[in-house]
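**Student:** Sharing a structure here in structure tokens format.
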Amino acid sequence: MAWRKTRVNIGRKILLIFTISVVVVGGAIAFQYQSYRARQILTLATTTSLYDSGLLDYLIPRFSEASNVEVRILAKGTGESIEIAKRGDVDMVLVHSRLLEEEFIAGGYGVHRVGVMYNDFIIVGPGEDPAQVSGLKDAKLAFSKIEEAGKSRRSVFVSRADRSGTHLKELEIWGSLGFKPSSSVETWYIEIGSGMGAALRMANEKRAYVLTDRGTWASFKDQLSNLKVLVEGDSVLLNPYAAILVNPMKHPHRNFKVAMAFVKFLVSEEGQSLIRDFRKGDERLFWPMARDFQRAAQLGFPDQAKEVSWYDTQTSPSGQIAILVAIILCSRMPYCYTTTSFVAESQV
Amino acid sequence: MMHIIEALHLNKEYGSTKALEDVSLAVDSGDFFAIIGPSGSGKSTLLRLIGLIEPPSSGKIIFMGEDATSRSEEEQLSFRREIGIVFQDAVLFTTTVYENVAYPLKIRKRPRSEIEKRVKESLETVGLAGFENKNASELSGGEAQRVSLAQALVYEPKLLLLDEPTANLDPRNATIIENVVSGLSHEKGTTAIMATHNMQQVQFLASNGAILHDGRVIERGKISELFKSPSAFLSSFALIGNVFPGMSEVGADGLATIDVGASWKIEATTNKRGRVTVFIRPEDIIISKEPIQSSARNLLRGRVVQILQNGQKVRIKVNADREFLVTMTRRSFEEMRLEPGSLVFLAFKASSVNVI
Amino acid sequence: MDPIVDGLVTAFRLLVSVDPEVYGIVLLSLVVSGVAVLVGAMAGIPFGALIALRSFIGKRVLLSLLNTLTGLPPVVVGLLVYLMLSSSGPLGPLQLLYKPQAMVIAQLIMVFPIVASVTASAVSSVDRKLRLRALSLGAGGSQMTFTMLREARTGVLTAIVLSFGAAISEVGAVMIVGGNIRWFTRTLTTAIVLETELGQFGMALALGIILLALSFLINVALTRLQWSGLRR
């Protein structure tokens, strides 16, 4: 009969809708299940330059396995990372801007700031170097020459202008010259509001000068035929990375314990040697500094020794259970009790 | 329950326009009732009100002894489901003929086997057996109208309303529909109310009727009575059209020549002979400032006597041996720029001549 | 031309070798946009139909509002959703941020006005006479809505196709509320952004090609539904 065909068509339609629903609902369930697995979750915010370098992908597996923690990394600029940490959307930050970090701590949003490692910034520019800064060891001088060259229209400078660590360092150096650059006034100063990769590519196109971290330069230099490294080695170009925990008083729902465990790992001997051994291609990108207290003080971490020892004395969650058991067992013996309770108190 | 439907003092306004004014009528169960009138007289509005798909501004509609006007939505729905309507333009759903005809049964949640059987029967009744799988868009105007009729019949309504159902159809399809509709009334006892301007249809199908003009009922009664004493009827009609009594003679070619006096003969497509009354709708007369070259058999010359403007329609009285009433759209009127006294030419087809 | 060829080759290689990360990303993109469109349609279609069929005070204003919302930039939606779901925000306790759920919510907000306003438009353009016809044949309130939707089905399906396309190619909102977390909230679009930042243009293009292919397949499937629906 003529209307049997319509029955088949309906059947096919139903099958199609059914398949789609299964895929969609199945996927939804799978993702919900993922988050229900009995694992601790650490959410941390860091800078794009650190994330792009690949260091975290190298370090985290070792930490995850040992502690059964799932680490979720948000790669935002330093500015955004600090903002979302203030709002309590992450457990900790790993950033590189002293100014913003200190403001963060002063506002009561972060605790136990500690220096983990450092790398350095370099000034790259056009091979023909119209500002004549090549080989200089003084970043401040180099910048003033670039400003001069810019004003006399011999060259231009590209700025990330995105409140990233790199951008803030750049502004710091301009500031030390008493100069506040602005693209609306200076035509040689180009503000793009973008990542390091994009800044380097633009600098390459325009044959401009740009401040970059060594790691990103190492990743991109093969594509940047017009640029080369011109200035490096000035101590002001050193770029330390700090780890800061989100204050549990401000945001009690965050996973303070796990964040603490991760930073403890970073500043431990094991963590620091892993950082030292990390290579990209065959270039070394980071220098450990957690346990070099002198260096740390130089780079703006006066409390490094105190904080590192605080991390060292923290125990992992499983360790805390062990202490609790020990306290209970020891409660009968006065000498034993005093020692264990002293250790327990230092956790706070 | 003698009257299946009674309309009491119905009024309908659209903004400032009064479409119906104090309309009252009653239709008996099993009857075939005609509503006669020119376009714009309110026939369609009246049918929509009776069909309970639009509420009146005031007045009552009694359906099967119950007041259907001031009721809740659900109660009105159950009344509506006993009424079938066929509109002038057949609008069908974009799907197959089967789905279209099955629709009213589906919304009444009838079982599938019953639907299949009834749809088949319905399509056979309108002569479209085998059309089930055709898409509605593939149908001709006449076929679509027949599907529309099948739709209205498939759920066996107690009352069938028809709004000029054959107005835009070719003779063949029109005849099929007329036959189906007449069969209903006689065989199944379905009450039918049909709005039309076609006099032959009225005579052939209806037993009672009413004449509507400018939203008012100006005459009502048995059709046979209305047509027997045409004078009363005619005076009402004269308001709405061109009416002339005469003597008809049918020629060999099937065309009748009607002598209406003053040596003027009108040609009409009818096989009536003897005393007749001729009625021509004002809309069917073509008016022009130049002599008209057309296939129309009736051509006249006259002068404009009076111009009556009524919104979008303009009515012109023309004296061409007899007084004719011609209507045209305002636009055409403005383009033609007629004035009282203008010389004009009139033409109308033999098929436009209604012979009573 | 090099990165483009590299992109095509990489795309093929990734798909054939069943790279788990890429498949995970593809699945996430499909599920997030799929759920958003599904829920958006279930809410938006009846909403749009009812607006079109009923007359009420403020109808025109509501329609204008809906139409304006369709032009809302997705990234703005993302920012607003972030502020709502943030720990410091009103819905903070729900802890939905930086999870696929937040991405679905952001895309849902984007999809709903599109589906609702296109449906309303499609249903209003159904011939008025058909409405009277359905009424005269005895259709009740909800039956009428359903019948009008059926008549407007090409328009409604277009709404769904359009909104799916918009959702799956969206990048700003999912970036802000999802965080582009590897293995967890990374979709095709956010992965493309990351790879571009890293200068891995071949990989970025490969992902873009996969995204295009996916969009195309889904469009074809939905269009076939459209046409077969018409014939019936």
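Order determines the names: the first chain of the structure tokens is A, the second B, and so forth; residues in each chain are numbered 1 upward, and ligands are numbered 1 upward as they are shown.
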Could you pull the residues within 12 Å of Phe293 of chain A, counting only C-alpha atoms, minus those fewer than 5 positions along the same chain, as a list in words?
**Tutor:**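 The contact residues come out as Val114, Gly115, Val116, Met117, Val267, Pro288, Gln298, Leu299, Gly300, Phe301, Pro302, Asp303, Gln304, Ala305, Lys306, Glu307, Val308 and Ser309 of chain A.
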**Student:** Save out the residues we just selected, N, CA and C atoms, as a PDB file, in the first residue's frame.
**Tutor:**
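For reference, result12.pdb as written:
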```pdb
ATOM      1  N   VAL A 114      56.361  32.060  47.065  1.00  0.00           N
ATOM      2  CA  VAL A 114      57.707  31.500  47.059  1.00  0.00           C
ATOM      3  C   VAL A 114      58.238  31.477  45.633  1.00  0.00           C
ATOM      4  N   GLY A 115      59.537  31.749  45.463  1.00  0.00           N
ATOM      5  CA  GLY A 115      60.138  31.734  44.121  1.00  0.00           C
ATOM      6  C   GLY A 115      60.469  30.311  43.727  1.00  0.00           C
ATOM      7  N   VAL A 116      60.087  29.913  42.524  1.00  0.00           N
ATOM      8  CA  VAL A 116      60.310  28.533  42.100  1.00  0.00           C
ATOM      9  C   VAL A 116      61.483  28.429  41.135  1.00  0.00           C
ATOM     10  N   MET A 117      61.478  29.272  40.099  1.00  0.00           N
ATOM     11  CA  MET A 117      62.566  29.212  39.128  1.00  0.00           C
ATOM     12  C   MET A 117      62.642  30.552  38.429  1.00  0.00           C
ATOM     13  N   VAL A 267      59.184  23.106  44.998  1.00  0.00           N
ATOM     14  CA  VAL A 267      60.381  23.637  45.658  1.00  0.00           C
ATOM     15  C   VAL A 267      61.240  22.551  46.293  1.00  0.00           C
ATOM     16  N   PRO A 288      66.562  26.728  38.396  1.00  0.00           N
ATOM     17  CA  PRO A 288      65.896  26.592  39.701  1.00  0.00           C
ATOM     18  C   PRO A 288      66.438  27.642  40.670  1.00  0.00           C
ATOM     19  N   GLN A 298      67.801  38.414  45.912  1.00  0.00           N
ATOM     20  CA  GLN A 298      68.139  39.345  44.819  1.00  0.00           C
ATOM     21  C   GLN A 298      66.951  39.556  43.892  1.00  0.00           C
ATOM     22  N   LEU A 299      66.266  38.444  43.624  1.00  0.00           N
ATOM     23  CA  LEU A 299      65.185  38.528  42.646  1.00  0.00           C
ATOM     24  C   LEU A 299      63.868  38.963  43.256  1.00  0.00           C
ATOM     25  N   GLY A 300      63.876  39.364  44.511  1.00  0.00           N
ATOM     26  CA  GLY A 300      62.666  39.933  45.109  1.00  0.00           C
ATOM     27  C   GLY A 300      61.893  38.984  45.987  1.00  0.00           C
ATOM     28  N   PHE A 301      62.591  38.017  46.623  1.00  0.00           N
ATOM     29  CA  PHE A 301      61.909  37.099  47.521  1.00  0.00           C
ATOM     30  C   PHE A 301      62.622  37.103  48.873  1.00  0.00           C
ATOM     31  N   PRO A 302      62.410  38.139  49.653  1.00  0.00           N
ATOM     32  CA  PRO A 302      63.132  38.249  50.917  1.00  0.00           C
ATOM     33  C   PRO A 302      62.758  37.163  51.928  1.00  0.00           C
ATOM     34  N   ASP A 303      61.514  36.626  51.841  1.00  0.00           N
ATOM     35  CA  ASP A 303      61.088  35.634  52.820  1.00  0.00           C
ATOM     36  C   ASP A 303      61.272  34.207  52.333  1.00  0.00           C
ATOM     37  N   GLN A 304      62.085  34.024  51.294  1.00  0.00           N
ATOM     38  CA  GLN A 304      62.192  32.710  50.670  1.00  0.00           C
ATOM     39  C   GLN A 304      62.522  31.615  51.665  1.00  0.00           C
ATOM     40  N   ALA A 305      63.528  31.870  52.506  1.00  0.00           N
ATOM     41  CA  ALA A 305      63.970  30.825  53.441  1.00  0.00           C
ATOM     42  C   ALA A 305      62.827  30.395  54.340  1.00  0.00           C
ATOM     43  N   LYS A 306      62.115  31.398  54.868  1.00  0.00           N
ATOM     44  CA  LYS A 306      61.016  31.083  55.796  1.00  0.00           C
ATOM     45  C   LYS A 306      59.926  30.277  55.086  1.00  0.00           C
ATOM     46  N   GLU A 307      59.538  30.739  53.903  1.00  0.00           N
ATOM     47  CA  GLU A 307      58.461  30.059  53.196  1.00  0.00           C
ATOM     48  C   GLU A 307      58.846  28.646  52.781  1.00  0.00           C
ATOM     49  N   VAL A 308      60.087  28.485  52.287  1.00  0.00           N
ATOM     50  CA  VAL A 308      60.511  27.151  51.862  1.00  0.00           C
ATOM     51  C   VAL A 308      60.491  26.185  53.030  1.00  0.00           C
ATOM     52  N   SER A 309      60.925  26.655  54.181  1.00  0.00           N
ATOM     53  CA  SER A 309      60.925  25.732  55.318  1.00  0.00           C
ATOM     54  C   SER A 309      59.494  25.441  55.748  1.00  0.00           C
TER      55      SER A 309
END
```
**Student:** Please report, as JSON lines, each residue of chain B lying at most 10 Å from chain A, together with the nearest pair of atoms and the separation in Å rounded to one decimal; use only C-alpha atoms, and order rows by chain and ascending residue number.
**Tutor:**
```
{"residue": "B:Tyr98", "atom": "CA", "partner": "A:Trp3", "partner_atom": "CA", "distance": 8.4}
{"residue": "B:Glu99", "atom": "CA", "partner": "A:Trp3", "partner_atom": "CA", "distance": 9.8}
{"residue": "B:Glu116", "atom": "CA", "partner": "A:Trp3", "partner_atom": "CA", "distance": 9.5}
{"residue": "B:Gly130", "atom": "CA", "partner": "A:Ala2", "partner_atom": "CA", "distance": 9.0}
{"residue": "B:Phe131", "atom": "CA", "partner": "A:Ala2", "partner_atom": "CA", "distance": 9.8}
{"residue": "B:Glu132", "atom": "CA", "partner": "A:Ala2", "partner_atom": "CA", "distance": 7.4}
{"residue": "B:Asn133", "atom": "CA", "partner": "A:Ala2", "partner_atom": "CA", "distance": 6.5}
```
**Student:** Listing only residues of chain A within 9 Å of chain C, what is the closest atom pair and its distance in Å (to one decimal) for each, using only C-alpha atoms, sorted by chain and residue number ascending, as a tab-separated table?
**Tutor:**
```
residue	atom	partner	partner_atom	distance
A:Thr6	CA	C:Arg232	CA	7.4
A:Asn9	CA	C:Ser228	CA	8.2
A:Lys13	CA	C:Leu225	CA	7.6
A:Ile20	CA	C:Gly34	CA	8.6
A:Ser21	CA	C:Leu38	CA	8.9
A:Val23	CA	C:Val31	CA	7.7
A:Val24	CA	C:Val31	CA	5.3
A:Val25	CA	C:Val35	CA	7.8
A:Gly26	CA	C:Val31	CA	8.8
A:Gly27	CA	C:Val31	CA	5.9
A:Ala28	CA	C:Val31	CA	6.6
A:Phe31	CA	C:Pro100	CA	7.8
A:Thr43	CA	C:Tyr98	CA	9.0
A:Asp52	CA	C:Leu198	CA	6.5
A:Ser53	CA	C:Leu198	CA	9.0
A:Arg72	CA	C:Ile181	CA	5.9
A:Ile73	CA	C:Ile181	CA	5.6
A:Leu74	CA	C:Gly179	CA	5.4
A:Ala75	CA	C:Gly179	CA	7.4
A:Lys76	CA	C:Gly179	CA	8.2
A:Ile84	CA	C:Ser86	CA	8.2
A:Lys86	CA	C:Ser88	CA	8.7
A:Arg87	CA	C:Ser88	CA	5.2
A:Gly88	CA	C:Ser87	CA	5.4
A:Asp89	CA	C:Ser87	CA	5.5
A:Val90	CA	C:Ser87	CA	9.0
A:Gly195	CA	C:Glu197	CA	7.0
A:Met196	CA	C:Glu197	CA	7.9
A:Gly197	CA	C:Glu197	CA	5.7
A:Ala198	CA	C:Glu197	CA	6.9
A:Thr216	CA	C:Leu198	CA	8.4
A:Ser219	CA	C:Leu198	CA	7.8
A:Phe220	CA	C:Gly199	CA	6.9
A:Gln223	CA	C:Gly199	CA	8.7
A:His251	CA	C:Ser87	CA	8.2
A:His253	CA	C:Pro93	CA	8.8
```
**Student:** If DSSP is run on the backbone, what residues of segment 59-221 of chain A are alpha helix (DSSP H)? A reply as a short mmCIF file (atom, residue, chain, number, x, y, z; two decimals) with C-alpha atoms, in the first residue's frame would be ideal.
**Tutor:**
```
data_model
loop_
_atom_site.label_atom_id
_atom_site.label_comp_id
_atom_site.auth_asym_id
_atom_site.auth_seq_id
_atom_site.Cartn_x
_atom_site.Cartn_y
_atom_site.Cartn_z
CA LEU A 59 56.62 18.26 35.70
CA ILE A 60 53.01 17.44 36.40
CA PRO A 61 52.85 13.76 35.50
CA ARG A 62 55.42 12.98 38.17
CA PHE A 63 53.46 14.89 40.76
CA SER A 64 50.09 13.47 39.69
CA GLU A 65 51.16 9.86 39.93
CA ALA A 66 52.72 10.17 43.33
CA SER A 67 49.84 12.04 44.86
CA THR A 78 49.49 37.16 34.44
CA GLY A 79 46.86 39.89 34.84
CA GLU A 80 43.92 37.57 34.24
CA SER A 81 45.42 34.81 36.39
CA ILE A 82 45.68 37.16 39.34
CA GLU A 83 42.14 38.44 38.80
CA ILE A 84 40.52 35.04 38.77
CA ALA A 85 42.57 34.00 41.79
CA LYS A 86 41.23 37.03 43.65
CA ARG A 98 56.48 41.15 41.36
CA LEU A 99 54.26 44.20 41.36
CA LEU A 100 51.04 42.28 40.83
CA GLU A 101 52.12 39.50 43.18
CA GLU A 102 52.80 41.89 46.03
CA GLU A 103 49.50 43.65 45.46
CA PHE A 104 47.81 40.24 45.49
CA ILE A 105 49.36 39.35 48.85
CA ALA A 106 48.77 42.78 50.34
CA ALA A 139 68.95 46.81 29.17
CA LYS A 140 68.12 50.33 30.33
CA LEU A 141 70.66 51.81 27.93
CA ALA A 142 69.41 49.62 25.11
CA PHE A 143 65.85 50.81 25.68
CA SER A 144 66.91 54.45 25.66
CA LYS A 145 68.70 53.93 22.36
CA ILE A 146 65.62 52.22 20.95
CA GLU A 147 63.53 55.19 22.06
CA GLU A 148 65.94 57.55 20.33
CA ALA A 149 65.93 55.50 17.15
CA GLY A 150 62.15 55.40 17.28
CA LYS A 151 61.82 59.16 17.69
CA GLY A 165 54.64 39.44 33.03
CA THR A 166 56.63 40.32 29.93
CA HIS A 167 54.67 43.49 29.37
CA LEU A 168 55.05 44.54 32.98
CA LYS A 169 58.80 43.97 32.87
CA GLU A 170 58.95 46.07 29.73
CA LEU A 171 57.04 48.87 31.46
CA GLU A 172 59.37 48.58 34.43
CA ILE A 173 62.39 49.28 32.24
CA TRP A 174 60.70 52.18 30.45
CA GLY A 175 59.69 53.47 33.87
CA SER A 176 63.27 53.49 35.07
CA MET A 196 54.25 36.55 22.80
CA GLY A 197 54.07 34.54 19.60
CA ALA A 198 51.91 37.11 17.91
CA ALA A 199 54.20 39.92 19.10
CA LEU A 200 57.27 38.19 17.71
CA ARG A 201 55.62 37.56 14.36
CA MET A 202 54.60 41.20 14.08
CA ALA A 203 58.09 42.34 15.05
CA ASN A 204 59.43 40.08 12.34
CA GLU A 205 57.10 41.61 9.74
CA LYS A 206 57.89 45.16 10.74
CA ARG A 214 63.96 33.15 26.00
CA GLY A 215 61.63 30.19 25.97
CA THR A 216 59.21 31.60 23.41
CA TRP A 217 62.09 32.89 21.31
CA ALA A 218 63.55 29.40 21.27
CA SER A 219 60.23 28.00 20.01
CA PHE A 220 59.75 30.53 17.26
#
```
**Student:** Up to 7 Å from chain C, what residues of chain B turn up? Count only C-alpha atoms and give them as a PyMOL selection string.
**Tutor:** chain B and resi 53+77+80-81+84-85+91+93-96+104+107+152
**Student:** Could you save the residues just selected, with N, CA and C atoms, as an mmCIF file, in the first residue's frame?
**Tutor:**
```
data_model
loop_
_atom_site.group_PDB
_atom_site.id
_atom_site.type_symbol
_atom_site.label_atom_id
_atom_site.label_comp_id
_atom_site.auth_asym_id
_atom_site.auth_seq_id
_atom_site.Cartn_x
_atom_site.Cartn_y
_atom_site.Cartn_z
ATOM 1 N N ILE B 53 -15.304 30.075 14.135
ATOM 2 C CA ILE B 53 -13.866 30.315 14.122
ATOM 3 C C ILE B 53 -13.530 31.775 14.335
ATOM 4 N N LEU B 77 -14.662 24.287 21.142
ATOM 5 C CA LEU B 77 -13.935 23.338 20.310
ATOM 6 C C LEU B 77 -14.816 22.149 19.979
ATOM 7 N N ARG B 80 -17.178 23.175 17.350
ATOM 8 C CA ARG B 80 -16.483 23.377 16.094
ATOM 9 C C ARG B 80 -16.222 22.071 15.388
ATOM 10 N N ARG B 81 -16.007 21.043 16.192
ATOM 11 C CA ARG B 81 -15.670 19.760 15.591
ATOM 12 C C ARG B 81 -16.854 19.080 14.923
ATOM 13 N N GLY B 84 -18.040 21.502 9.423
ATOM 14 C CA GLY B 84 -17.005 21.453 8.401
ATOM 15 C C GLY B 84 -17.093 22.685 7.525
ATOM 16 N N ILE B 85 -15.944 23.249 7.141
ATOM 17 C CA ILE B 85 -15.957 24.451 6.304
ATOM 18 C C ILE B 85 -15.098 24.225 5.062
ATOM 19 N N VAL B 91 -6.577 25.976 0.894
ATOM 20 C CA VAL B 91 -5.212 25.991 1.419
ATOM 21 C C VAL B 91 -4.979 24.663 2.106
ATOM 22 N N PHE B 93 -2.191 21.694 3.805
ATOM 23 C CA PHE B 93 -0.913 21.571 4.503
ATOM 24 C C PHE B 93 0.140 21.047 3.533
ATOM 25 N N THR B 94 1.395 21.433 3.772
ATOM 26 C CA THR B 94 2.464 20.991 2.870
ATOM 27 C C THR B 94 2.841 19.555 3.177
ATOM 28 N N THR B 95 2.013 18.659 2.718
ATOM 29 C CA THR B 95 2.306 17.244 2.921
ATOM 30 C C THR B 95 1.485 16.484 1.879
ATOM 31 N N THR B 96 1.319 15.191 2.064
ATOM 32 C CA THR B 96 0.580 14.424 1.058
ATOM 33 C C THR B 96 -0.922 14.639 1.195
ATOM 34 N N PRO B 104 -7.952 15.914 10.202
ATOM 35 C CA PRO B 104 -9.016 16.110 11.192
ATOM 36 C C PRO B 104 -9.291 14.867 12.041
ATOM 37 N N ILE B 107 -6.430 14.591 14.725
ATOM 38 C CA ILE B 107 -6.554 15.436 15.909
ATOM 39 C C ILE B 107 -7.720 15.022 16.776
ATOM 40 N N ALA B 152 -13.154 18.230 4.811
ATOM 41 C CA ALA B 152 -14.290 18.659 5.629
ATOM 42 C C ALA B 152 -15.301 17.553 5.822
#
```
**Student:** Do you have the atom CA of Asp253 of chain B-atom CA of Gly274 of chain B distance handy?
**Tutor:**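 Going from atom CA of Asp253 of chain B over to atom CA of Gly274 of chain B, I get 17.4 Å.
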**Student:** Need the shell around Lys272 of chain B: protein/DNA/RNA residues with any atom at most 10 Å away, counting only C-alpha atoms. Skip same-chain ones fewer than 4 positions apart. Format as a list in words?
**Tutor:**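 Here the answer would be Met247, Ser248, Glu249, Val250, Leu255, Ala256, Ile258, Ala268, Val276, Val355 and Ile356 of chain B.
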**Student:** May I have the residues within 9 Å of Thr125 of chain B as a list of chain:residue names, using only C-alpha atoms and disregarding those fewer than 5 positions away in the same chain?
**Tutor:**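 Final neighbour list, sorted by chain and number: B:Lys120, B:Ala150, B:Val180.
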**Student:** Grab the atom CA of Leu169 of chain B to atom CA of Arg118 of chain B distance for me, in Å with one decimal place.
**Tutor:** 25.8 Å
**Student:** Determine the nearest neighbour of Glu73 of chain B from the options B:Glu335, B:Glu124, B:Glu164, B:Glu54, counting only C-alpha atoms.
**Tutor:**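 Under the stated criterion, the closest residue is B:Glu54.
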**Student:** So what do you get for atom CA of Ile41 of chain A versus atom CA of Ala259 of chain A, distance-wise?
**Tutor:**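 Straight-line distance from atom CA of Ile41 of chain A to atom CA of Ala259 of chain A works out to 9.2 Å.
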**Student:** Give the strand (DSSP E or B) residues of segment 82-219 of chain B, as DSSP finds them on the backbone, and put them as a PyMOL selection string.
**Tutor:** chain B and resi 83-86+96+135+159-163+191-196+208-213+216-219
**Student:** Using only C-alpha atoms, which residues sit within 9 Å of Gln107 of chain C once same-chain residues fewer than 3 positions away are excluded, as a ChimeraX atom specification?
**Tutor:** /C:32-33,36-37,40,74,77-78,102-104,110-112,166-168,170,173-174
**Student:** Within 9 Å of Gly193 of chain A, counting only C-alpha atoms, which residues show up once you throw out same-chain ones fewer than 2 positions away? Write them as a compact mmCIF listing (two decimals) with N, CA and C atoms, in the first residue's frame, please.
**Tutor:**
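The result, written out as selection_3.txt:
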```txt
# COMPACT_ATOMS: atom_id res chain seq x y z
N SER A 159 55.09 46.18 21.51
CA SER A 159 54.81 45.83 22.91
C SER A 159 53.60 44.90 22.97
N ARG A 160 53.64 43.92 23.88
CA ARG A 160 52.50 43.01 24.03
C ARG A 160 51.28 43.74 24.57
N ALA A 161 51.52 44.74 25.42
CA ALA A 161 50.44 45.58 25.95
C ALA A 161 49.27 44.77 26.47
N ASP A 162 49.52 43.66 27.21
CA ASP A 162 48.42 42.82 27.68
C ASP A 162 48.52 42.51 29.17
N ARG A 163 49.24 43.35 29.92
CA ARG A 163 49.42 43.14 31.36
C ARG A 163 50.01 41.78 31.68
N GLU A 191 51.37 48.97 20.23
CA GLU A 191 50.76 48.15 21.29
C GLU A 191 49.77 47.17 20.67
N GLY A 195 49.52 37.79 22.57
CA GLY A 195 50.52 36.90 23.16
C GLY A 195 51.91 37.12 22.60
N ALA A 199 53.31 38.74 19.04
CA ALA A 199 54.20 39.92 19.10
C ALA A 199 55.47 39.68 18.29
```
**Student:** Excluding segment 201-210 of chain C and its own-chain neighbours fewer than 6 positions away, which residues fall within 7 Å of it when counting only C-alpha atoms? Please give them as a list in words.
**Tutor:** Pro3, Ile4, Asp6, Gly7, Leu8, Thr10, Ala11, Leu188, Ile192 and Glu195 of chain C
**Student:** Of the candidates B:Ser57, B:Asn168, B:Thr269, B:Thr191, which one gets nearest to Asp31 of chain B if we count only C-alpha atoms?
**Tutor:**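 Distance minimum relative to Asp31 of chain B lands on B:Thr191.
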